[in-house]
$ cat work-v4.cif   # mmCIF, C-alpha atoms and all ligand atoms
data_query
loop_
_atom_site.label_atom_id
_atom_site.label_comp_id
_atom_site.auth_asym_id
_atom_site.auth_seq_id
_atom_site.Cartn_x
_atom_site.Cartn_y
_atom_site.Cartn_z
CA MET N 6 1.47 -7.63 21.50
CA ILE N 7 -0.74 -4.90 22.94
CA ILE N 8 -3.64 -3.49 20.95
CA VAL N 9 -4.58 0.04 21.90
CA ASN N 10 -7.24 2.35 20.58
CA SER N 11 -5.28 5.08 18.85
CA GLU N 12 -7.42 7.74 20.51
CA SER N 13 -7.01 6.54 24.06
CA ALA N 14 -4.96 8.67 26.42
CA GLY N 15 -1.22 8.12 26.20
CA ALA N 16 -1.47 5.64 23.31
CA ILE N 17 0.63 7.63 20.86
CA GLU N 18 3.22 8.46 23.52
CA ARG N 19 3.67 4.79 24.41
CA ALA N 20 3.92 3.83 20.73
CA ALA N 21 6.48 6.56 20.11
CA GLU N 22 8.59 5.29 22.97
CA ILE N 23 8.55 1.80 21.50
CA ILE N 24 9.76 3.23 18.17
CA ARG N 25 12.55 5.18 19.89
CA ASN N 26 13.64 2.02 21.72
CA GLY N 27 13.98 0.03 18.51
CA GLY N 28 10.60 -1.75 18.63
CA MET N 29 7.84 -2.19 16.06
CA VAL N 30 4.45 -0.52 16.03
CA ALA N 31 1.64 -1.22 13.57
CA PHE N 32 -0.34 1.94 12.87
CA PRO N 33 -3.10 3.18 10.57
CA THR N 34 -2.43 5.48 7.63
CA GLU N 35 -4.99 6.78 5.15
CA THR N 36 -4.02 3.99 2.70
CA VAL N 37 -3.37 0.74 4.61
CA TYR N 38 -1.89 -0.17 8.01
CA GLY N 39 1.89 0.13 8.22
CA LEU N 40 4.43 -1.77 10.30
CA GLY N 41 6.73 0.93 11.60
CA ALA N 42 10.19 1.15 13.11
CA ASP N 43 12.86 3.82 13.52
CA ALA N 44 14.25 4.30 9.99
CA LEU N 45 17.61 5.39 11.43
CA ASN N 46 18.05 2.19 13.47
CA PRO N 47 19.23 -0.69 11.23
CA SER N 48 18.44 -3.46 13.71
CA ALA N 49 14.92 -2.13 14.27
CA VAL N 50 14.45 -2.09 10.49
CA ALA N 51 15.85 -5.63 10.27
CA ARG N 52 13.04 -6.78 12.58
CA ILE N 53 10.49 -5.51 10.06
CA PHE N 54 12.00 -7.63 7.30
CA GLU N 55 12.00 -10.60 9.66
CA ALA N 56 8.40 -10.14 10.82
CA LYS N 57 7.11 -9.83 7.26
CA LYS N 58 9.49 -12.44 5.80
CA ARG N 59 10.25 -9.76 3.27
CA PRO N 60 13.25 -10.26 0.97
CA SER N 61 16.04 -7.83 1.80
CA PHE N 62 16.14 -6.53 -1.80
CA ASP N 63 12.74 -4.86 -1.39
CA PRO N 64 13.22 -1.32 0.00
CA LEU N 65 10.92 0.39 2.51
CA ILE N 66 9.11 3.73 2.45
CA VAL N 67 10.27 6.30 5.00
CA HIS N 68 7.33 8.14 6.58
CA LEU N 69 7.77 11.76 7.61
CA CYS N 70 5.49 14.24 9.37
CA SER N 71 6.45 17.51 7.70
CA LYS N 72 7.68 18.81 4.36
CA GLU N 73 10.67 20.45 6.06
CA GLN N 74 12.05 17.00 6.93
CA ILE N 75 12.36 15.95 3.28
CA GLY N 76 15.65 17.82 2.82
CA GLU N 77 17.13 16.08 5.86
CA PHE N 78 16.84 12.69 4.18
CA CYS N 79 16.81 13.46 0.46
CA LEU N 80 19.75 14.99 -1.37
CA ARG N 81 17.97 16.77 -4.21
CA VAL N 82 14.34 17.55 -4.85
CA ASN N 83 13.76 18.36 -8.51
CA LYS N 84 11.16 20.91 -9.70
CA THR N 85 8.55 18.30 -10.58
CA ALA N 86 8.96 16.58 -7.23
CA GLU N 87 8.54 19.97 -5.56
CA ARG N 88 5.21 20.50 -7.30
CA LEU N 89 4.04 17.05 -6.34
CA ILE N 90 5.03 17.66 -2.74
CA ASP N 91 3.19 21.00 -2.68
CA ARG N 92 0.06 19.46 -4.13
CA PHE N 93 -0.14 15.94 -2.69
CA PHE N 94 1.81 15.82 0.62
CA PRO N 95 0.41 14.81 3.06
CA GLY N 96 -1.45 12.18 1.04
CA PRO N 97 -1.27 8.80 -0.68
CA LEU N 98 1.81 9.58 -2.80
CA THR N 99 5.37 8.28 -2.35
CA LEU N 100 8.33 9.93 -4.08
CA VAL N 101 11.60 8.16 -4.76
CA LEU N 102 14.45 10.67 -4.48
CA PRO N 103 18.26 10.57 -4.12
CA LYS N 104 19.02 9.69 -0.53
CA ARG N 105 21.31 11.21 2.05
CA ARG N 106 23.77 9.00 3.88
CA VAL N 107 21.88 9.13 7.20
CA ILE N 108 19.38 6.65 5.78
CA PRO N 109 20.82 3.17 6.43
CA ASP N 110 21.30 0.84 3.46
CA ILE N 111 18.95 -1.75 4.90
CA VAL N 112 16.04 0.69 4.45
CA THR N 113 16.73 1.24 0.75
CA ALA N 114 18.07 -2.24 -0.06
CA GLY N 115 21.35 -0.61 -0.97
CA LEU N 116 19.84 1.74 -3.59
CA ASP N 117 21.04 5.33 -3.73
CA THR N 118 17.44 6.55 -3.60
CA VAL N 119 14.93 6.62 -0.76
CA ALA N 120 11.13 6.47 -0.97
CA VAL N 121 9.45 9.13 1.21
CA ARG N 122 5.89 10.00 2.01
CA ILE N 123 3.85 12.03 4.50
CA PRO N 124 0.69 10.12 5.39
CA ALA N 125 -2.58 12.07 5.62
CA HIS N 126 -3.62 10.47 8.89
CA GLU N 127 -3.70 12.09 12.29
CA THR N 128 -2.49 9.01 14.20
CA ALA N 129 0.40 8.34 11.82
CA LEU N 130 1.50 11.98 11.85
CA ARG N 131 1.37 12.22 15.63
CA LEU N 132 3.29 8.97 16.01
CA ILE N 133 6.07 10.17 13.69
CA GLU N 134 6.22 13.55 15.33
CA GLU N 135 6.16 12.22 18.89
CA SER N 136 8.85 9.61 18.19
CA GLY N 137 11.11 12.25 16.72
CA ARG N 138 12.24 9.75 14.08
CA PRO N 139 11.55 9.09 10.42
CA VAL N 140 9.48 5.89 10.45
CA ALA N 141 10.23 3.10 7.97
CA ALA N 142 7.01 1.23 7.32
CA PRO N 143 5.86 -1.33 4.79
CA SER N 144 2.26 -2.49 4.76
CA ALA N 145 1.59 -4.57 7.89
CA ASN N 146 1.08 -7.94 6.20
CA PRO N 147 3.27 -11.00 5.61
CA PHE N 148 5.23 -10.50 2.40
CA GLY N 149 3.16 -11.16 -0.72
CA TYR N 150 -0.18 -11.42 1.11
CA LEU N 151 -3.18 -9.07 1.02
CA SER N 152 -2.61 -5.68 2.67
CA PRO N 153 -4.45 -4.87 5.92
CA THR N 154 -7.08 -2.14 5.98
CA ASP N 155 -8.21 -2.59 9.56
CA ALA N 156 -6.60 -3.49 12.87
CA GLY N 157 -8.22 -6.94 12.96
CA ASP N 158 -6.37 -7.93 9.77
CA VAL N 159 -3.05 -6.86 11.31
CA ALA N 160 -3.66 -8.72 14.56
CA ARG N 161 -4.57 -11.90 12.71
CA LEU N 162 -1.65 -11.74 10.27
CA LEU N 163 1.24 -10.40 12.33
CA GLY N 164 -0.01 -10.26 15.92
CA GLY N 165 2.72 -12.52 17.25
CA SER N 166 5.65 -10.49 16.07
CA ILE N 167 4.91 -6.83 16.78
CA ASP N 168 5.13 -4.87 20.01
CA MET N 169 2.07 -2.66 19.72
CA LEU N 170 -0.88 -2.17 17.40
CA LEU N 171 -2.60 1.22 17.27
CA ASP N 172 -6.21 0.54 16.33
CA GLY N 173 -7.57 3.43 14.31
CA GLY N 174 -10.43 1.60 12.61
CA LYS N 175 -10.76 1.14 8.86
CA THR N 176 -8.40 3.04 6.57
CA MET N 177 -9.89 5.74 4.35
CA VAL N 178 -8.30 5.05 0.94
CA GLY N 179 -7.91 1.27 1.02
CA VAL N 180 -5.08 0.91 -1.52
CA GLU N 181 -1.43 1.84 -1.00
CA SER N 182 0.22 5.08 -2.02
CA THR N 183 1.14 5.77 -5.64
CA VAL N 184 4.92 5.37 -6.05
CA VAL N 185 6.64 7.84 -8.41
CA PHE N 186 10.34 7.80 -9.31
CA PHE N 187 12.33 9.86 -11.80
CA GLU N 188 14.11 8.80 -14.98
CA GLY N 189 16.31 11.85 -15.22
CA LYS N 190 13.67 14.55 -14.91
CA THR N 191 10.77 12.45 -16.14
CA PRO N 192 8.32 11.24 -13.51
CA VAL N 193 7.42 7.57 -13.78
CA VAL N 194 4.69 5.76 -11.87
CA ALA N 195 6.11 2.54 -10.42
CA ARG N 196 2.93 1.57 -8.56
CA HIS N 197 -0.61 2.80 -9.07
CA GLY N 198 -2.26 3.88 -5.84
CA GLY N 199 -4.29 6.45 -3.97
CA VAL N 200 -3.30 9.43 -6.15
CA THR N 201 -4.54 8.69 -9.66
CA ILE N 202 -2.65 9.18 -12.94
CA GLU N 203 -5.34 11.69 -13.92
CA GLU N 204 -4.60 13.76 -10.80
CA LEU N 205 -0.83 13.58 -11.45
CA ARG N 206 -1.28 14.66 -15.07
CA THR N 207 -3.44 17.60 -14.10
CA GLU N 208 -0.64 18.80 -11.85
CA ILE N 209 2.52 18.08 -13.87
CA GLY N 210 1.49 17.12 -17.40
CA GLU N 211 2.68 13.88 -18.97
CA VAL N 212 3.65 11.06 -16.61
CA LYS N 213 5.11 7.73 -17.69
CA VAL N 214 3.95 4.43 -16.30
CA ILE N 215 6.53 1.77 -15.62
CA GLY N 216 4.91 -0.70 -18.03
CA ASN N 217 5.52 1.75 -20.86
CA SER N 218 8.93 2.77 -19.65
CA ALA N 219 11.95 1.70 -21.68
CA ILE N 220 14.19 1.08 -18.70
CA ARG N 221 13.97 -1.84 -16.35
CA PRO N 222 12.03 -1.33 -13.16
CA VAL N 223 14.17 0.34 -10.53
CA SER N 224 11.76 -0.88 -7.95
CA PRO N 225 12.74 -4.33 -6.77
CA GLY N 226 9.43 -4.61 -4.99
CA LEU N 227 7.49 -4.64 -8.23
CA LEU N 228 7.05 -8.36 -8.36
CA LYS N 229 4.55 -9.92 -10.70
CA ARG N 230 2.83 -11.83 -7.94
CA HIS N 231 1.87 -9.88 -4.84
CA TYR N 232 -1.13 -8.95 -2.68
CA SER N 233 -2.24 -12.58 -3.00
CA PRO N 234 -4.82 -14.47 -0.99
CA LYS N 235 -4.25 -18.20 -0.45
CA THR N 236 -7.27 -18.97 -2.60
CA PRO N 237 -6.69 -18.83 -6.38
CA ILE N 238 -8.28 -15.88 -8.16
CA ILE N 239 -9.67 -15.93 -11.68
CA ILE N 240 -10.40 -12.56 -13.27
CA VAL N 241 -13.48 -12.52 -15.50
CA ARG N 242 -15.14 -9.87 -17.66
CA ASP N 243 -18.49 -10.76 -16.14
CA PHE N 244 -19.91 -13.67 -14.22
CA ARG N 245 -22.17 -14.97 -16.99
CA GLY N 246 -19.53 -16.81 -18.93
CA ILE N 247 -18.01 -18.69 -16.02
CA SER N 248 -17.54 -22.35 -16.73
CA ARG N 249 -17.71 -23.85 -13.32
CA GLY N 250 -16.13 -27.18 -14.14
CA LYS N 251 -14.08 -28.06 -11.11
CA SER N 252 -15.05 -25.65 -8.41
CA ALA N 253 -17.41 -27.02 -5.78
CA SER N 254 -17.55 -23.80 -3.79
CA PRO N 255 -16.65 -20.63 -5.64
CA GLY N 256 -16.52 -17.14 -4.16
CA PHE N 257 -17.27 -13.95 -6.06
CA LEU N 258 -15.72 -10.51 -5.97
CA ALA N 259 -18.22 -8.32 -7.79
CA PHE N 260 -17.80 -4.69 -8.78
CA ARG N 261 -21.44 -3.46 -8.65
CA GLU N 262 -23.89 -6.33 -9.04
CA PRO N 263 -23.97 -9.78 -7.46
CA PRO N 264 -23.74 -12.68 -9.92
CA GLU N 265 -27.12 -14.03 -10.98
CA HIS N 266 -28.18 -17.45 -9.67
CA GLU N 267 -25.57 -17.48 -6.90
CA GLY N 268 -27.62 -16.35 -3.91
CA GLY N 269 -26.34 -16.99 -0.44
CA ARG N 270 -22.82 -17.90 -1.42
CA ALA N 271 -19.60 -16.05 -0.64
CA ILE N 272 -20.24 -12.84 -2.53
CA GLU N 273 -18.57 -9.49 -2.00
CA ILE N 274 -19.73 -6.34 -3.76
CA LEU N 275 -17.18 -3.53 -3.94
CA SER N 276 -19.55 -0.66 -4.68
CA LYS N 277 -23.25 -0.89 -5.49
CA THR N 278 -23.14 2.56 -7.07
CA GLY N 279 -20.02 1.82 -9.10
CA ASP N 280 -17.97 4.35 -7.15
CA LEU N 281 -14.27 3.53 -7.61
CA LYS N 282 -13.31 5.25 -4.35
CA GLU N 283 -15.68 3.07 -2.41
CA ALA N 284 -14.46 0.02 -4.32
CA ALA N 285 -10.84 0.80 -3.33
CA VAL N 286 -11.81 1.18 0.33
CA ASN N 287 -13.49 -2.24 0.29
CA PHE N 288 -11.08 -4.11 -1.98
CA PHE N 289 -8.59 -5.70 0.44
CA SER N 290 -11.10 -6.34 3.21
CA ALA N 291 -13.42 -8.11 0.75
CA LEU N 292 -10.56 -10.36 -0.33
CA HIS N 293 -9.58 -11.04 3.28
CA ARG N 294 -13.16 -12.22 3.96
CA LEU N 295 -13.37 -14.34 0.82
CA ASP N 296 -10.00 -15.91 1.59
CA ALA N 297 -11.20 -16.84 5.08
CA SER N 298 -14.58 -18.14 3.88
CA GLY N 299 -13.41 -21.55 2.74
CA VAL N 300 -14.16 -21.13 -0.99
CA ASP N 301 -11.85 -22.96 -3.38
CA VAL N 302 -11.66 -20.29 -6.06
CA ILE N 303 -12.47 -16.57 -6.24
CA TYR N 304 -14.00 -15.21 -9.43
CA ALA N 305 -13.20 -11.52 -9.58
CA GLU N 306 -14.93 -9.17 -11.95
CA ARG N 307 -12.84 -6.70 -13.94
CA ILE N 308 -13.08 -3.08 -12.91
CA PRO N 309 -13.00 -0.05 -15.23
CA GLU N 310 -9.36 1.04 -15.55
CA LYS N 311 -9.65 4.71 -14.87
CA GLY N 312 -9.00 6.68 -11.71
CA LEU N 313 -8.61 4.39 -8.70
CA GLY N 314 -9.74 1.50 -10.91
CA ARG N 315 -6.15 1.28 -12.17
CA ALA N 316 -4.79 0.76 -8.67
CA ILE N 317 -7.43 -1.88 -7.97
CA MET N 318 -6.80 -3.76 -11.23
CA GLU N 319 -3.02 -3.64 -10.76
CA ARG N 320 -3.46 -5.34 -7.40
CA LEU N 321 -6.06 -7.78 -8.68
CA ARG N 322 -3.75 -8.94 -11.52
CA LYS N 323 -0.87 -9.50 -9.12
CA ALA N 324 -3.18 -11.28 -6.70
CA ALA N 325 -4.34 -13.59 -9.52
CA CYS N 326 -0.83 -14.35 -10.76
CA ARG N 327 0.33 -17.89 -9.95
O1 LIG N 401 0.51 3.32 1.30
C1 LIG N 401 1.64 2.88 1.46
O2 LIG N 401 2.60 3.22 0.73
C2 LIG N 401 1.87 1.90 2.63
C3 LIG N 401 1.64 2.65 3.94
C4 LIG N 401 1.95 1.79 5.13
O3 LIG N 401 2.39 3.83 3.94
N1 LIG N 401 3.17 1.33 2.57
C5 LIG N 401 3.55 0.42 1.61
O4 LIG N 401 4.84 -0.07 1.74
O5 LIG N 401 2.81 0.07 0.72
P1 LIG N 401 5.33 -1.37 0.98
O6 LIG N 401 6.67 -1.67 1.56
O7 LIG N 401 4.31 -2.43 1.05
O8 LIG N 401 5.57 -0.88 -0.50
C6 LIG N 401 6.63 0.00 -0.81
C7 LIG N 401 6.88 0.04 -2.29
C8 LIG N 401 7.51 -1.24 -2.79
O9 LIG N 401 6.95 -1.58 -4.05
C9 LIG N 401 8.98 -0.85 -2.91
O10 LIG N 401 9.66 -1.64 -3.85
C10 LIG N 401 8.88 0.60 -3.35
O11 LIG N 401 7.80 1.11 -2.58
N2 LIG N 401 10.12 1.32 -3.01
C11 LIG N 401 10.58 1.63 -1.78
N3 LIG N 401 11.78 2.25 -1.86
C12 LIG N 401 12.07 2.36 -3.16
C13 LIG N 401 13.18 2.90 -3.89
N4 LIG N 401 14.22 3.46 -3.28
N5 LIG N 401 13.13 2.85 -5.23
C14 LIG N 401 12.09 2.30 -5.85
N6 LIG N 401 11.02 1.75 -5.23
C15 LIG N 401 11.01 1.77 -3.90
MG MG N 402 3.08 -4.03 0.71
#
$ encode --input "work-v4.cif" --output "structure tokens" --more "lines below"
Ligand code: TXA
Ligand code: MG
Amino acid sequence: MIIVNSESAGAIERAAEIIRNGGMVAFPTETVYGLGADALNPSAVARIFEAKKRPSFDPLIVHLCSKEQIGEFCLRVNKTAERLIDRFFPGPLTLVLPKRRVIPDIVTAGLDTVAVRIPAHETALRLIEESGRPVAAPSANPFGYLSPTDAGDVARLLGGSIDMLLDGGKTMVGVESTVVFFEGKTPVVARHGGVTIEELRTEIGEVKVIGNSAIRPVSPGLLKRHYSPKTPIIIVRDFRGISRGKSASPGFLAFREPPEHEGGRAIEILSKTGDLKEAAVNFFSALHRLDASGVDVIYAERIPEKGLGRAIMERLRKAACR
């Protein structure tokens, strides 16, 4: 694999050529790093599933570089989706819409819908534009593991199996895009992410959340356990009540304040000022460090479930699920 600074001369052009030739390029988006291939080339897409060891029933997001492209790949865009596109594209929002036949079944795991998004990241947009293809891209991590928020994570986790890694530094949002699908005309959030429920509601009024939705999840990727480090995680309300019975070397994922009486140990603080945006940016990288630090358990403090706190807690619960 070659690692190239995304701003170096010719980097995007080389990456785009790899995509056109059926290869795989890891690239930064505003949310997390993606592992991209030509969405119209089934064998290129198959390599993504192979590299990630991702089950074939879990569909991929197709990344586009302009709103005009949406109609090329989606059959119908309802009024609510149109408003969301106007307001949040490009940005950390993914919409699940009826698909056109040009999108191969392997991308959508045989569903008749396709997930589309336009990333708000210069490198990603230029790569998609230059390649002249829609780019299918999951997060660039082995299936089920923590998502990568900088190029070092990608190199460590998947370095052996990708053709090129565009290094664009740390991602700006830190959690994946919010996934919205439609039950008839009703928008339903399938995954909390970079666009908050509050922001969605301001734009389109009431929005359902899959947990409260009567129908079964349409999103096969919504597994209970996901985003998991190798080290077990225990979620606690605060660090005071921890009974430390069996753990010889615990690690701590704190929201604002370090645990008392634990100086010098593996401690990560997500945001000293309690800023949920900053906490989201730091979330996955803090867990990557704790997982690599040799601790035998990670105590993670609960985070207020508003705004981006919902996306963080959704990931933390899945990460803690055994
Ligand atoms: O921020 C992001 O969305 C990142 C960056 C790289 O763009 N990508 C990402 O992809 O998180 P991935 O594959 O890790 O997650 C895609 C999610 C999965 O939960 C999948 O099940 C859901 O989107 N999804 C994809 N296509 C779908 C469809 N047709 N219907 C329902 N859910 C779908
Ligand atoms: Mg993922």
$ residues_near_ligand --input "work-v4.cif" --ligand "ligand MG 402 (chain N)" --cutoff "12 Å" --atoms "all atoms listed in the file" --output "PyMOL selection string"
chain N and resi 36-40+54+57-60+63-66+142-154+180-184+196+198+226-228+230-233+289+320+323
$ axis_aligned_box --input "work-v4.cif" --around "range 157-160 of chain N" --padding-each-side "5 Å" --output "AutoDock Vina command-line options"
--center_x -5.6 --center_y -7.8 --center_z 12.2 --size_x 15.2 --size_y 11.9 --size_z 14.8
$ residues_near_point --input "work-v4.cif" --point "(-16.9, -10.7, -6.2)" --cutoff "6 Å" --atoms "all atoms listed in the file" --output "number ranges by chain"
N: 257-259, 272-274, 305
$ closest_residue --input "work-v4.cif" --among "N:Ala16, N:Ile247, N:Val241, N:Val101" --to "Leu321 in chain N" --atoms "only C-alpha atoms"
N:Val241
$ residues_around --input "work-v4.cif" --residues "Asn26 in chain N" --least-positions-apart "2" --cutoff "10 Å" --atoms "all atoms listed in the file" --output "JSON, numbers by chain"
{"N": [20, 21, 22, 23, 24, 28, 29, 42, 43, 46, 49, 136]}
$ residues_around --input "work-v4.cif" --residues "Glu203 in chain N" --least-positions-apart "5" --cutoff "9 Å" --atoms "all atoms listed in the file" --output "VMD selection string"
chain N and resid 208 311 to 312
$ closest_residue --input "work-v4.cif" --among "N:Gly279, N:Pro109, N:Pro33, N:Pro255" --to "ligand LIG 401 (chain N)" --atoms "only C-alpha atoms and all ligand atoms"
N:Pro33
$ closest_residue --input "work-v4.cif" --among "N:Ala56, N:Ile90, N:Ala51, N:Ala120" --to "ligand LIG 401 (chain N)" --atoms "all atoms listed in the file"
N:Ala120
$ closest_residue --input "work-v4.cif" --among "N:Ile303, N:Ala324, N:Val214, N:Leu313" --to "Phe187 in chain N" --atoms "all atoms listed in the file"
N:Val214
$ closest_residue --input "work-v4.cif" --among "N:Leu162, N:Leu116, N:Val9, N:Ala44" --to "ligand LIG 401 (chain N)" --atoms "only C-alpha atoms and all ligand atoms"
N:Leu116
$ atom_distance --input "work-v4.cif" --atom1 "CA of Pro103 in chain N" --atom2 "atom O1 of ligand LIG 401 (chain N)"
19.9 Å
